>>> print(open('model-v7.csv').read())   # CSV, C-alpha atoms and all ligand atoms
chain,number,residue,atom,x,y,z
A,17,MET,CA,-38.8,-5.5,-13.3
A,18,LEU,CA,-35.7,-7.7,-13.8
A,19,LYS,CA,-33.4,-7.6,-10.7
A,20,LEU,CA,-29.9,-8.5,-10.0
A,21,ALA,CA,-29.2,-11.0,-7.2
A,22,GLU,CA,-29.4,-9.5,-3.7
A,23,ARG,CA,-25.6,-10.0,-3.2
A,24,MET,CA,-25.0,-7.4,-5.8
A,25,GLY,CA,-26.7,-4.9,-3.6
A,26,ARG,CA,-24.1,-5.6,-1.0
A,27,ALA,CA,-21.1,-5.6,-3.4
A,28,LYS,CA,-19.2,-2.3,-3.8
A,29,PRO,CA,-16.5,-1.3,-6.2
A,30,SER,CA,-13.1,-0.8,-4.6
A,31,ALA,CA,-12.7,2.6,-2.7
A,32,ILE,CA,-8.9,2.5,-3.5
A,33,MET,CA,-9.6,2.4,-7.2
A,34,ALA,CA,-12.0,5.4,-6.9
A,35,VAL,CA,-9.1,7.6,-5.6
A,36,ALA,CA,-6.8,6.3,-8.3
A,37,GLU,CA,-9.5,7.0,-11.0
A,38,LYS,CA,-9.9,10.6,-9.7
A,39,ALA,CA,-6.1,11.1,-9.8
A,40,LYS,CA,-5.9,9.7,-13.3
A,41,GLN,CA,-8.7,12.1,-14.4
A,42,LEU,CA,-6.8,15.1,-13.0
A,43,LYS,CA,-3.7,13.9,-14.8
A,44,ALA,CA,-5.5,13.7,-18.1
A,45,GLU,CA,-6.6,17.3,-17.5
A,46,GLY,CA,-3.0,18.3,-17.4
A,47,ARG,CA,-2.5,18.5,-13.7
A,48,ASP,CA,0.9,17.4,-12.2
A,49,ILE,CA,-0.2,14.5,-9.9
A,50,VAL,CA,1.9,12.4,-7.5
A,51,SER,CA,0.0,9.2,-6.7
A,52,PHE,CA,0.5,7.6,-3.3
A,53,SER,CA,-2.8,5.8,-3.8
A,54,ILE,CA,-2.5,2.4,-5.5
A,55,GLY,CA,-0.7,-0.5,-3.7
A,56,VAL,CA,1.4,-1.6,-6.7
A,57,PRO,CA,5.1,-2.4,-6.3
A,58,ASN,CA,6.1,-0.3,-9.4
A,59,PHE,CA,8.9,-2.5,-10.7
A,60,LEU,CA,9.1,-5.2,-13.3
A,61,PRO,CA,10.4,-8.7,-12.7
A,62,GLY,CA,13.9,-9.9,-13.9
A,63,GLU,CA,14.6,-10.8,-17.6
A,64,HIS,CA,14.6,-14.6,-16.6
A,65,VAL,CA,10.8,-14.3,-16.1
A,66,TYR,CA,10.2,-13.0,-19.6
A,67,ALA,CA,12.6,-15.6,-21.1
A,68,ALA,CA,10.6,-18.4,-19.4
A,69,VAL,CA,7.4,-16.9,-20.9
A,70,ARG,CA,8.9,-16.9,-24.4
A,71,GLU,CA,9.9,-20.5,-24.0
A,72,ALA,CA,6.5,-21.5,-22.7
A,73,LEU,CA,4.9,-19.7,-25.6
A,74,ALA,CA,7.0,-21.7,-28.1
A,75,LYS,CA,5.9,-24.9,-26.4
A,76,ASP,CA,2.3,-24.0,-25.7
A,77,SER,CA,0.0,-27.0,-25.7
A,78,GLY,CA,-3.1,-24.9,-26.0
A,79,GLN,CA,-4.9,-27.4,-23.7
A,80,TYR,CA,-6.8,-27.1,-20.4
A,81,GLY,CA,-4.5,-27.5,-17.4
A,82,SER,CA,-4.7,-28.8,-13.8
A,83,ASN,CA,-7.4,-27.3,-11.6
A,84,ARG,CA,-5.0,-27.3,-8.7
A,85,GLY,CA,-2.1,-25.7,-10.7
A,86,ALA,CA,0.7,-27.3,-12.8
A,87,ASP,CA,3.0,-29.5,-10.8
A,88,ALA,CA,6.0,-27.2,-11.5
A,89,LEU,CA,4.1,-24.3,-10.0
A,90,LEU,CA,3.0,-26.3,-6.9
A,91,ASP,CA,6.6,-27.4,-6.4
A,92,ALA,CA,7.9,-23.9,-6.8
A,93,TYR,CA,5.4,-22.6,-4.2
A,94,LEU,CA,6.3,-25.5,-1.8
A,95,HIS,CA,9.9,-24.4,-2.1
A,96,HIS,CA,8.9,-20.8,-1.5
A,97,LEU,CA,7.0,-21.9,1.6
A,98,GLU,CA,10.1,-23.8,2.9
A,99,GLU,CA,12.2,-20.8,2.5
A,100,ALA,CA,9.7,-18.8,4.5
A,101,GLY,CA,10.1,-21.3,7.3
A,102,LEU,CA,6.9,-23.3,6.4
A,103,ALA,CA,8.2,-26.8,5.7
A,104,GLY,CA,6.1,-30.0,5.7
A,105,TYR,CA,3.5,-29.3,3.1
A,106,THR,CA,2.9,-31.5,0.0
A,107,ARG,CA,1.2,-30.9,-3.3
A,108,LYS,CA,-2.1,-32.0,-1.7
A,109,ASN,CA,-1.9,-29.1,0.8
A,110,VAL,CA,-1.6,-26.4,-1.9
A,111,ALA,CA,-3.6,-24.8,-4.6
A,112,THR,CA,-3.4,-21.8,-6.9
A,113,GLY,CA,-5.8,-19.1,-8.1
A,114,ILE,CA,-6.0,-15.9,-10.1
A,115,GLY,CA,-4.2,-13.8,-7.5
A,116,ALA,CA,-4.6,-13.7,-3.7
A,117,LYS,CA,-7.9,-11.8,-4.1
A,118,HIS,CA,-9.4,-14.7,-6.0
A,119,VAL,CA,-8.0,-17.2,-3.6
A,120,LEU,CA,-9.4,-15.2,-0.6
A,121,TYR,CA,-12.8,-15.1,-2.3
A,122,ASN,CA,-12.7,-18.8,-2.9
A,123,LEU,CA,-11.8,-19.4,0.7
A,124,ALA,CA,-14.7,-17.3,1.9
A,125,GLU,CA,-17.0,-19.3,-0.3
A,126,ALA,CA,-15.5,-22.6,0.9
A,127,LEU,CA,-15.5,-21.8,4.7
A,128,LEU,CA,-18.4,-19.4,5.4
A,129,ASN,CA,-22.1,-20.0,5.2
A,130,PRO,CA,-24.4,-17.0,5.0
A,131,GLY,CA,-24.7,-15.6,8.6
A,132,ASP,CA,-21.3,-17.0,9.7
A,133,THR,CA,-18.9,-14.6,11.3
A,134,ILE,CA,-15.4,-13.6,10.1
A,135,ALA,CA,-13.2,-11.5,12.4
A,136,PHE,CA,-10.3,-9.3,11.5
A,137,SER,CA,-8.5,-6.2,12.8
A,138,VAL,CA,-9.1,-2.6,11.8
A,139,PRO,CA,-7.6,-1.0,9.8
A,140,TYR,CA,-8.2,-3.8,7.3
A,141,TRP,CA,-7.5,-4.3,3.6
A,142,THR,CA,-10.8,-3.0,2.0
A,143,THR,CA,-11.5,-6.2,0.1
A,144,TYR,CA,-12.0,-8.3,3.2
A,145,VAL,CA,-15.3,-6.5,4.0
A,146,ASP,CA,-16.4,-6.7,0.4
A,147,ILE,CA,-15.7,-10.4,0.1
A,148,ALA,CA,-17.6,-11.1,3.4
A,149,ASP,CA,-20.5,-9.0,2.2
A,150,ILE,CA,-20.7,-10.9,-1.1
A,151,VAL,CA,-20.9,-14.3,0.6
A,152,GLY,CA,-23.3,-13.0,3.2
A,153,ALA,CA,-21.0,-13.4,6.2
A,154,LYS,CA,-21.1,-11.2,9.3
A,155,THR,CA,-17.9,-9.2,10.0
A,156,LYS,CA,-16.6,-8.8,13.6
A,157,LEU,CA,-14.2,-5.8,13.4
A,158,LEU,CA,-11.5,-5.5,16.0
A,159,PRO,CA,-10.4,-1.9,16.4
A,160,CYS,CA,-6.6,-1.5,16.5
A,161,PRO,CA,-6.0,2.3,16.5
A,162,ALA,CA,-2.6,4.1,16.2
A,163,GLU,CA,-2.4,4.2,20.0
A,164,GLN,CA,-1.9,0.4,20.0
A,165,ASN,CA,0.4,0.4,16.9
A,166,TYR,CA,-2.4,-0.9,14.7
A,167,LYS,CA,-1.8,-4.3,16.2
A,168,LEU,CA,-4.2,-6.8,17.7
A,169,THR,CA,-3.7,-7.8,21.3
A,170,PRO,CA,-4.1,-11.3,22.6
A,171,ALA,CA,-6.9,-10.1,25.0
A,172,GLN,CA,-8.8,-8.6,22.0
A,173,LEU,CA,-8.4,-11.8,20.0
A,174,ASP,CA,-9.5,-14.0,23.0
A,175,ALA,CA,-12.6,-11.9,23.4
A,176,ALA,CA,-13.4,-12.0,19.7
A,177,LEU,CA,-13.1,-15.7,18.9
A,178,PRO,CA,-16.2,-17.1,20.6
A,179,GLY,CA,-18.9,-17.3,17.9
A,180,THR,CA,-16.3,-16.6,15.1
A,181,LYS,CA,-15.9,-19.1,12.3
A,182,VAL,CA,-13.0,-17.6,10.6
A,183,PHE,CA,-10.2,-15.3,11.9
A,184,LEU,CA,-8.5,-13.5,9.1
A,185,PHE,CA,-5.0,-12.2,9.9
A,186,ASN,CA,-2.9,-10.0,7.7
A,187,ASN,CA,0.8,-9.7,8.4
A,188,PRO,CA,2.7,-7.6,7.2
A,189,SER,CA,-0.4,-5.4,6.9
A,190,ASN,CA,-2.0,-3.5,4.2
A,191,PRO,CA,-2.8,-0.6,4.9
A,192,THR,CA,-0.5,0.0,7.9
A,193,GLY,CA,2.8,-1.8,7.0
A,194,MET,CA,2.9,-3.1,10.6
A,195,VAL,CA,4.7,-6.4,11.1
A,196,TYR,CA,4.1,-8.7,14.2
A,197,THR,CA,7.3,-9.7,16.0
A,198,LYS,CA,8.1,-13.3,16.9
A,199,ASP,CA,6.9,-12.8,20.5
A,200,GLU,CA,3.6,-11.1,19.4
A,201,ILE,CA,2.9,-14.0,17.0
A,202,ALA,CA,3.6,-16.5,19.8
A,203,ALA,CA,1.2,-14.7,22.1
A,204,LEU,CA,-1.6,-14.6,19.5
A,205,ALA,CA,-1.0,-18.3,18.7
A,206,GLU,CA,-1.4,-19.1,22.3
A,207,VAL,CA,-4.9,-17.7,22.2
A,208,LEU,CA,-5.7,-19.4,18.9
A,209,VAL,CA,-4.9,-22.8,20.4
A,210,ARG,CA,-7.6,-22.2,23.1
A,211,HIS,CA,-10.3,-21.8,20.4
A,212,PRO,CA,-10.3,-25.0,18.4
A,213,ASP,CA,-13.4,-24.2,16.3
A,214,VAL,CA,-11.9,-21.3,14.4
A,215,TRP,CA,-10.4,-21.4,11.0
A,216,ILE,CA,-7.4,-19.1,10.6
A,217,ILE,CA,-6.6,-17.5,7.3
A,218,CYS,CA,-3.2,-15.8,7.2
A,219,ASP,CA,-3.0,-13.4,4.4
A,220,ASP,CA,0.8,-13.3,4.3
A,221,ILE,CA,1.3,-11.9,0.8
A,222,TYR,CA,3.9,-9.4,2.0
A,223,ASN,CA,5.9,-12.0,3.9
A,224,ARG,CA,9.1,-11.3,1.8
A,225,MET,CA,8.8,-7.5,2.4
A,226,VAL,CA,9.9,-7.2,5.9
A,227,PHE,CA,12.5,-4.6,7.2
A,228,ASP,CA,14.9,-3.9,10.0
A,229,GLY,CA,15.9,-7.6,10.2
A,230,ILE,CA,12.8,-8.5,12.3
A,231,GLY,CA,11.8,-11.4,10.0
A,232,TYR,CA,8.5,-12.9,9.1
A,233,HIS,CA,6.9,-15.2,11.7
A,234,ASN,CA,3.9,-17.4,11.6
A,235,PHE,CA,1.4,-19.1,13.9
A,236,ILE,CA,2.4,-22.7,12.8
A,237,ASN,CA,6.0,-22.3,13.9
A,238,ALA,CA,4.9,-20.8,17.2
A,239,ARG,CA,2.3,-23.6,17.8
A,240,PRO,CA,2.6,-26.5,15.4
A,241,GLU,CA,-0.8,-27.9,16.6
A,242,LEU,CA,-2.5,-25.1,14.7
A,243,ARG,CA,-1.4,-26.6,11.3
A,244,ASP,CA,-4.7,-28.3,10.7
A,245,ARG,CA,-6.6,-25.0,10.9
A,246,VAL,CA,-4.2,-22.4,9.4
A,247,ILE,CA,-4.5,-21.5,5.8
A,248,HIS,CA,-1.7,-19.4,4.3
A,249,VAL,CA,-2.4,-17.1,1.4
A,250,ASP,CA,0.4,-15.9,-0.9
A,251,SER,CA,0.8,-14.2,-4.2
A,252,ILE,CA,3.5,-13.2,-6.7
A,253,SER,CA,1.9,-9.7,-7.1
A,254,LYS,CA,3.9,-7.6,-4.7
A,255,THR,CA,7.2,-9.5,-4.0
A,256,TYR,CA,8.0,-10.0,-7.7
A,257,GLY,CA,6.5,-6.8,-9.2
A,258,MET,CA,3.9,-8.9,-11.0
A,259,PRO,CA,0.4,-7.7,-9.9
A,260,GLY,CA,-1.1,-8.0,-13.4
A,261,TRP,CA,0.1,-11.6,-14.0
A,262,ARG,CA,-2.5,-12.8,-11.4
A,263,VAL,CA,-1.1,-15.8,-9.5
A,264,GLY,CA,-2.1,-16.5,-5.9
A,265,PHE,CA,-1.7,-19.5,-3.7
A,266,ILE,CA,-3.0,-21.2,-0.6
A,267,ALA,CA,-1.3,-23.7,1.7
A,268,GLY,CA,-3.3,-25.5,4.4
A,269,PRO,CA,-5.2,-28.6,5.3
A,270,GLU,CA,-5.8,-31.0,2.4
A,271,VAL,CA,-9.6,-30.6,2.7
A,272,VAL,CA,-9.3,-26.8,2.2
A,273,ALA,CA,-6.8,-27.2,-0.8
A,274,GLN,CA,-9.2,-29.7,-2.3
A,275,ALA,CA,-12.1,-27.2,-1.9
A,276,MET,CA,-10.0,-24.6,-3.8
A,277,VAL,CA,-9.5,-27.2,-6.6
A,278,THR,CA,-13.2,-27.8,-6.8
A,279,MET,CA,-13.9,-24.0,-6.9
A,280,ASN,CA,-11.3,-23.7,-9.7
A,281,SER,CA,-12.8,-26.5,-11.7
A,282,ASN,CA,-16.1,-24.6,-11.8
A,283,HIS,CA,-14.7,-21.1,-12.1
A,284,ILE,CA,-11.5,-20.8,-13.9
A,285,THR,CA,-10.3,-24.3,-14.8
A,286,ASN,CA,-6.6,-23.4,-14.8
A,287,ILE,CA,-3.9,-20.8,-14.8
A,288,PRO,CA,-2.6,-20.3,-18.4
A,289,GLU,CA,0.7,-22.0,-19.3
A,290,MET,CA,2.5,-18.7,-20.0
A,291,VAL,CA,1.5,-17.3,-16.7
A,292,THR,CA,2.4,-20.5,-14.9
A,293,ALA,CA,5.9,-20.3,-16.5
A,294,ALA,CA,6.3,-16.7,-15.4
A,295,ALA,CA,5.3,-17.5,-11.8
A,296,VAL,CA,7.7,-20.6,-11.7
A,297,ALA,CA,10.5,-18.5,-13.0
A,298,ALA,CA,9.8,-15.7,-10.5
A,299,LEU,CA,9.7,-18.1,-7.5
A,300,THR,CA,12.6,-20.3,-8.4
A,301,GLY,CA,14.9,-17.9,-10.3
A,302,PRO,CA,17.4,-15.2,-9.0
A,303,GLN,CA,15.9,-13.3,-6.1
A,304,ASP,CA,18.1,-10.2,-6.6
A,305,VAL,CA,15.3,-7.9,-7.9
A,306,PRO,CA,12.9,-8.5,-5.0
A,307,GLN,CA,15.7,-8.3,-2.5
A,308,GLN,CA,17.0,-5.0,-3.9
A,309,LYS,CA,13.5,-3.6,-4.0
A,310,ASN,CA,12.9,-4.5,-0.4
A,311,LEU,CA,16.0,-2.5,0.6
A,312,GLU,CA,14.8,0.4,-1.5
A,313,PHE,CA,11.4,0.3,0.1
A,314,GLN,CA,13.0,0.3,3.6
A,315,GLY,CA,14.8,3.5,2.6
A,316,LYS,CA,11.6,5.0,1.2
A,317,ARG,CA,9.8,4.1,4.4
A,318,ASP,CA,12.4,6.1,6.3
A,319,GLN,CA,11.9,9.1,4.0
A,320,VAL,CA,8.1,9.1,4.5
A,321,LEU,CA,8.5,8.7,8.3
A,322,ALA,CA,11.0,11.6,8.5
A,323,MET,CA,8.5,13.9,6.8
A,324,LEU,CA,5.6,12.8,8.9
A,325,ASP,CA,7.5,12.9,12.2
A,326,ALA,CA,8.3,16.6,11.5
A,327,ILE,CA,4.6,17.5,11.4
A,328,PRO,CA,3.3,18.5,14.8
A,329,GLY,CA,0.3,16.5,15.8
A,330,VAL,CA,0.6,13.7,13.3
A,331,LYS,CA,0.9,10.3,14.9
A,332,CYS,CA,2.5,7.5,12.9
A,333,PRO,CA,3.4,4.0,14.2
A,334,ARG,CA,6.6,2.8,12.5
A,335,PRO,CA,5.8,0.3,9.8
A,336,GLN,CA,8.3,-2.5,9.2
A,337,GLY,CA,7.1,-4.1,6.0
A,338,ALA,CA,5.1,-4.0,2.8
A,339,PHE,CA,5.2,-0.5,1.3
A,340,TYR,CA,2.6,1.5,3.2
A,341,VAL,CA,2.5,4.1,5.9
A,342,PHE,CA,-0.7,5.0,7.7
A,343,PRO,CA,-0.4,8.2,9.6
A,344,ASP,CA,-3.2,9.4,12.0
A,345,ILE,CA,-3.9,12.9,10.6
A,346,SER,CA,-6.9,13.6,12.8
A,347,CYS,CA,-5.1,16.7,14.2
A,348,ALA,CA,-6.1,18.4,10.9
A,349,PHE,CA,-9.8,18.0,11.5
A,350,GLY,CA,-11.6,21.3,12.2
A,351,LYS,CA,-9.0,23.3,10.3
A,352,SER,CA,-9.1,24.8,6.8
A,353,HIS,CA,-6.9,24.8,3.7
A,354,GLU,CA,-7.3,27.9,1.5
A,355,GLY,CA,-10.9,28.3,2.8
A,356,VAL,CA,-11.7,24.6,2.4
A,357,ARG,CA,-12.8,23.1,5.7
A,358,ILE,CA,-11.5,19.7,6.7
A,359,ASP,CA,-13.7,17.7,8.9
A,360,SER,CA,-12.8,14.2,7.9
A,361,ASP,CA,-10.1,12.0,6.2
A,362,ILE,CA,-12.2,12.2,3.0
A,363,ASP,CA,-12.2,16.1,3.1
A,364,PHE,CA,-8.4,15.9,3.8
A,365,CYS,CA,-7.6,13.7,0.9
A,366,ASN,CA,-9.9,15.6,-1.5
A,367,ALA,CA,-8.3,19.0,-0.5
A,368,LEU,CA,-4.8,17.6,-0.7
A,369,LEU,CA,-5.5,16.2,-4.2
A,370,GLN,CA,-7.1,19.4,-5.3
A,371,ALA,CA,-4.6,21.8,-3.9
A,372,LYS,CA,-1.3,19.9,-4.1
A,373,GLY,CA,-2.0,17.2,-6.7
A,374,VAL,CA,-1.1,14.4,-4.1
A,375,ALA,CA,-3.4,11.4,-4.1
A,376,CYS,CA,-3.7,9.3,-0.9
A,377,VAL,CA,-6.4,6.9,0.1
A,378,PRO,CA,-8.7,8.1,3.0
A,379,GLY,CA,-8.4,5.8,6.0
A,380,SER,CA,-12.2,5.2,6.1
A,381,ALA,CA,-11.7,3.0,3.1
A,382,PHE,CA,-9.8,0.7,5.6
A,383,GLY,CA,-12.2,1.3,8.5
A,384,GLU,CA,-10.1,3.9,10.2
A,385,PRO,CA,-11.3,7.4,9.5
A,386,LYS,CA,-8.6,9.1,11.5
A,387,GLY,CA,-5.9,8.1,9.1
A,388,LEU,CA,-4.9,7.9,5.4
A,389,ARG,CA,-2.7,5.5,3.5
A,390,ILE,CA,0.5,6.5,1.7
A,391,SER,CA,1.8,3.9,-0.7
A,392,TYR,CA,5.4,4.9,-1.4
A,393,THR,CA,6.5,2.8,-4.3
A,394,CYS,CA,6.8,5.7,-6.8
A,395,PRO,CA,10.2,6.8,-8.2
A,396,THR,CA,12.5,8.4,-5.6
A,397,ALA,CA,12.3,12.0,-7.1
A,398,GLN,CA,8.6,11.8,-7.3
A,399,LEU,CA,8.3,10.6,-3.7
A,400,ALA,CA,10.4,13.5,-2.5
A,401,ASP,CA,8.3,15.9,-4.4
A,402,GLY,CA,5.0,14.4,-3.1
A,403,LEU,CA,6.2,14.4,0.5
A,404,ARG,CA,7.3,18.1,0.2
A,405,ARG,CA,3.8,19.0,-1.1
A,406,PHE,CA,2.2,16.9,1.7
A,407,ALA,CA,4.2,18.8,4.3
A,408,GLU,CA,3.4,22.1,2.7
A,409,PHE,CA,-0.3,21.3,2.7
A,410,PHE,CA,-0.1,20.7,6.5
A,411,ALA,CA,1.9,23.8,7.1
A,412,GLU,CA,-0.8,25.9,5.3
A,413,LEU,CA,-3.7,24.6,7.4
A,414,LYS,CA,-5.3,27.3,9.5
B,1,LIG,C1,-3.4,-7.7,2.1
B,1,LIG,C2,-3.6,-8.0,0.6
B,1,LIG,N1,-4.1,-9.2,0.4
B,1,LIG,C3,-4.4,-9.6,-0.9
B,1,LIG,C4,-4.1,-8.8,-2.0
B,1,LIG,C5,-4.5,-9.2,-3.4
B,1,LIG,O1,-3.3,-9.5,-4.1
B,1,LIG,P1,-3.4,-10.1,-5.5
B,1,LIG,O2,-2.8,-9.1,-6.4
B,1,LIG,O3,-2.5,-11.4,-5.5
B,1,LIG,O4,-4.8,-10.5,-5.9
B,1,LIG,C6,-3.7,-7.5,-1.7
B,1,LIG,C7,-3.5,-6.5,-2.8
B,1,LIG,O5,-3.4,-5.3,-2.6
B,1,LIG,C8,-3.4,-7.1,-0.4
B,1,LIG,O6,-2.9,-5.9,-0.1
>>> encode(input="model-v7.csv", output="structure tokens")
Amino acid sequence: MLKLAERMGRAKPSAIMAVAEKAKQLKAEGRDIVSFSIGVPNFLPGEHVYAAVREALAKDSGQYGSNRGADALLDAYLHHLEEAGLAGYTRKNVATGIGAKHVLYNLAEALLNPGDTIAFSVPYWTTYVDIADIVGAKTKLLPCPAEQNYKLTPAQLDAALPGTKVFLFNNPSNPTGMVYTKDEIAALAEVLVRHPDVWIICDDIYNRMVFDGIGYHNFINARPELRDRVIHVDSISKTYGMPGWRVGFIAGPEVVAQAMVTMNSNHITNIPEMVTAAAVAALTGPQDVPQQKNLEFQGKRDQVLAMLDAIPGVKCPRPQGAFYVFPDISCAFGKSHEGVRIDSDIDFCNALLQAKGVACVPGSAFGEPKGLRISYTCPTAQLADGLRRFAEFFAELK
């Protein structure tokens, strides 16, 4: 019998997409559904982005482009890095890809041999596990429950790094929205310095989406000697409301950026000219849309937390970035809703969707089965309606 490669036995479709599909199906059947499931920013970029695309279309060369990324795009990203407090990189330190997901996959291919270990905290963004599985790497999962604010401690990191080839760090976090403070980053950086054989991937794609004035901080500024091992991952998807345009970046040591170029030359060749123009315009043009959206998300974060705080038994560390809230809803386990017993996050999310038409992603998709993820980027009125139904569902539990 003809067989697929073994790695396809390890690859799974995204659990988040499965919830979104179910919600879509119920909607198609005429149900009134509020979706808190997909992590999309739900806004469009400014008009200047579309104007740049029209101009690029008029000038399209129709030719293959640079495997690293067009110079204008590399320079726009270098400028973006500087603004984020990451100066000192050149074009040789950066490379592009078809979104951060593609870039992360390329990094896994470039850094991990089968059997090597990659460590990251739990809850994690689902794709980390899948990418590790596909390349045959072992995962070392570092539990960071609600009781420790979903954040990794220096002692945990110190214990995890021996035998680890790659440490993958996500700040601000999907799915929790937690953001590490300057002091917390400095304490983790201190540990990283003591383990010189570990690559450090910083998935910082939400670095412009930070609230309460706490700012985005990184290991390199805390300990500059980490620069030759830290690889930053970024994307236009969330900050600029452009998830479908598919542009991601890395910045790091030249040897890693060059590896990305080699991967691109064999996989994708280049990012199309029109998409390049859109990304350059987003990164270098007026920043009013992302800034205004960030403020809006901060307000929505407060709205979600106010609802959750009013439910007895629900624990929810206060997120300070991205657009996610990750409450611990395990107080509902062992109860029933309209005769439907709830023993897990999956039971909870299924019953909530069925009874109230509210779609959330079960925490087990992110390795933390006591919680669920609420992505709160939907329009304000819909958010209020969804939150009201969520609270109602909890109140009706017996
Ligand atoms: C933490 C994290 N990293 C990477 C990505 C992938 O982003 P992109 O759309 O650039 O592929 C996502 C998307 O949800 C994410 O949440």
>>> closest_atom_pairs(input="model-v7.csv", of="segment 208-303 of chain A", to="segment 92-111 of chain A", cutoff="7 Å", atoms="all atoms listed in the file", output="CSV")
residue,atom,partner,partner_atom,distance
A:Phe265,CA,A:Ala111,CA,5.7
A:Ile266,CA,A:Ala111,CA,5.4
A:Ala267,CA,A:Val110,CA,4.5
A:Gly268,CA,A:Asn109,CA,5.3
A:Pro269,CA,A:Asn109,CA,5.6
A:Glu270,CA,A:Asn109,CA,4.6
A:Ala273,CA,A:Val110,CA,5.4
A:Met276,CA,A:Ala111,CA,6.5
A:Val277,CA,A:Ala111,CA,6.7
A:Val296,CA,A:Ala92,CA,5.9
A:Leu299,CA,A:Ala92,CA,6.1
A:Thr300,CA,A:Ala92,CA,6.1
>>> closest_residue(input="model-v7.csv", among="A:Met194, A:Val119, A:Ile390, A:Ala411", to="ligand LIG 1 (chain B)", atoms="all atoms listed in the file")
A:Val119
>>> residues_near_ligand(input="model-v7.csv", ligand="ligand LIG 1 (chain B)", cutoff="9 Å", atoms="all atoms listed in the file", output="ChimeraX atom specification")
/A:54-56,113-120,140-144,186-191,219-222,249-254,258-265,338
>>> closest_residue(input="model-v7.csv", among="A:Pro288, A:Pro159, A:Gly373, A:Gly25", to="Lys43 of chain A", atoms="all atoms listed in the file")
A:Gly373
>>> closest_residue(input="model-v7.csv", among="A:Leu208, A:Ala202, A:Ala153, A:Ile284", to="Ala175 of chain A", atoms="only C-alpha atoms")
A:Leu208
>>> closest_atom_pairs(input="model-v7.csv", of="segment 276-325 of chain A", to="segment 74-84 of chain A", cutoff="6 Å", atoms="only C-alpha atoms", output="JSON lines")
{"residue": "A:Val277", "atom": "CA", "partner": "A:Arg84", "partner_atom": "CA", "distance": 5.0}
{"residue": "A:Asn280", "atom": "CA", "partner": "A:Asn83", "partner_atom": "CA", "distance": 5.6}
{"residue": "A:Ser281", "atom": "CA", "partner": "A:Asn83", "partner_atom": "CA", "distance": 5.5}
{"residue": "A:Thr285", "atom": "CA", "partner": "A:Asn83", "partner_atom": "CA", "distance": 5.3}
{"residue": "A:Asn286", "atom": "CA", "partner": "A:Asn83", "partner_atom": "CA", "distance": 5.1}
>>> atom_distance(input="model-v7.csv", atom1="atom CA of Met279 of chain A", atom2="atom CA of Trp215 of chain A")
18.4 Å
>>> build_atoms(input="model-v7.csv", residues="segment 68-79 of chain A", atoms="N, CA and C atoms", output="PDB file, keeping the file's coordinate frame")
ATOM      1  N   ALA A  68      11.357 -17.152 -19.654  1.00  0.00           N
ATOM      2  CA  ALA A  68      10.600 -18.400 -19.400  1.00  0.00           C
ATOM      3  C   ALA A  68       9.211 -18.284 -20.101  1.00  0.00           C
ATOM      4  N   VAL A  69       8.656 -17.088 -20.179  1.00  0.00           N
ATOM      5  CA  VAL A  69       7.400 -16.900 -20.900  1.00  0.00           C
ATOM      6  C   VAL A  69       7.525 -17.185 -22.362  1.00  0.00           C
ATOM      7  N   ARG A  70       8.621 -16.661 -22.942  1.00  0.00           N
ATOM      8  CA  ARG A  70       8.900 -16.900 -24.400  1.00  0.00           C
ATOM      9  C   ARG A  70       9.012 -18.366 -24.672  1.00  0.00           C
ATOM     10  N   GLU A  71       9.728 -19.041 -23.793  1.00  0.00           N
ATOM     11  CA  GLU A  71       9.900 -20.500 -24.000  1.00  0.00           C
ATOM     12  C   GLU A  71       8.599 -21.234 -23.877  1.00  0.00           C
ATOM     13  N   ALA A  72       7.780 -20.846 -22.910  1.00  0.00           N
ATOM     14  CA  ALA A  72       6.500 -21.500 -22.700  1.00  0.00           C
ATOM     15  C   ALA A  72       5.575 -21.260 -23.925  1.00  0.00           C
ATOM     16  N   LEU A  73       5.674 -20.069 -24.468  1.00  0.00           N
ATOM     17  CA  LEU A  73       4.900 -19.700 -25.600  1.00  0.00           C
ATOM     18  C   LEU A  73       5.226 -20.622 -26.810  1.00  0.00           C
ATOM     19  N   ALA A  74       6.529 -20.856 -26.975  1.00  0.00           N
ATOM     20  CA  ALA A  74       7.000 -21.700 -28.100  1.00  0.00           C
ATOM     21  C   ALA A  74       6.492 -23.130 -27.938  1.00  0.00           C
ATOM     22  N   LYS A  75       6.282 -23.548 -26.677  1.00  0.00           N
ATOM     23  CA  LYS A  75       5.900 -24.900 -26.400  1.00  0.00           C
ATOM     24  C   LYS A  75       4.394 -25.083 -26.114  1.00  0.00           C
ATOM     25  N   ASP A  76       3.650 -23.992 -26.228  1.00  0.00           N
ATOM     26  CA  ASP A  76       2.300 -24.000 -25.700  1.00  0.00           C
ATOM     27  C   ASP A  76       1.450 -25.166 -26.240  1.00  0.00           C
ATOM     28  N   SER A  77       0.795 -25.886 -25.312  1.00  0.00           N
ATOM     29  CA  SER A  77       0.000 -27.000 -25.700  1.00  0.00           C
ATOM     30  C   SER A  77      -1.420 -26.578 -26.130  1.00  0.00           C
ATOM     31  N   GLY A  78      -1.813 -25.392 -25.681  1.00  0.00           N
ATOM     32  CA  GLY A  78      -3.100 -24.900 -26.000  1.00  0.00           C
ATOM     33  C   GLY A  78      -4.254 -25.654 -25.287  1.00  0.00           C
ATOM     34  N   GLN A  79      -3.916 -26.536 -24.350  1.00  0.00           N
ATOM     35  CA  GLN A  79      -4.900 -27.400 -23.700  1.00  0.00           C
ATOM     36  C   GLN A  79      -5.320 -26.835 -22.322  1.00  0.00           C
TER      37      GLN A  79
END
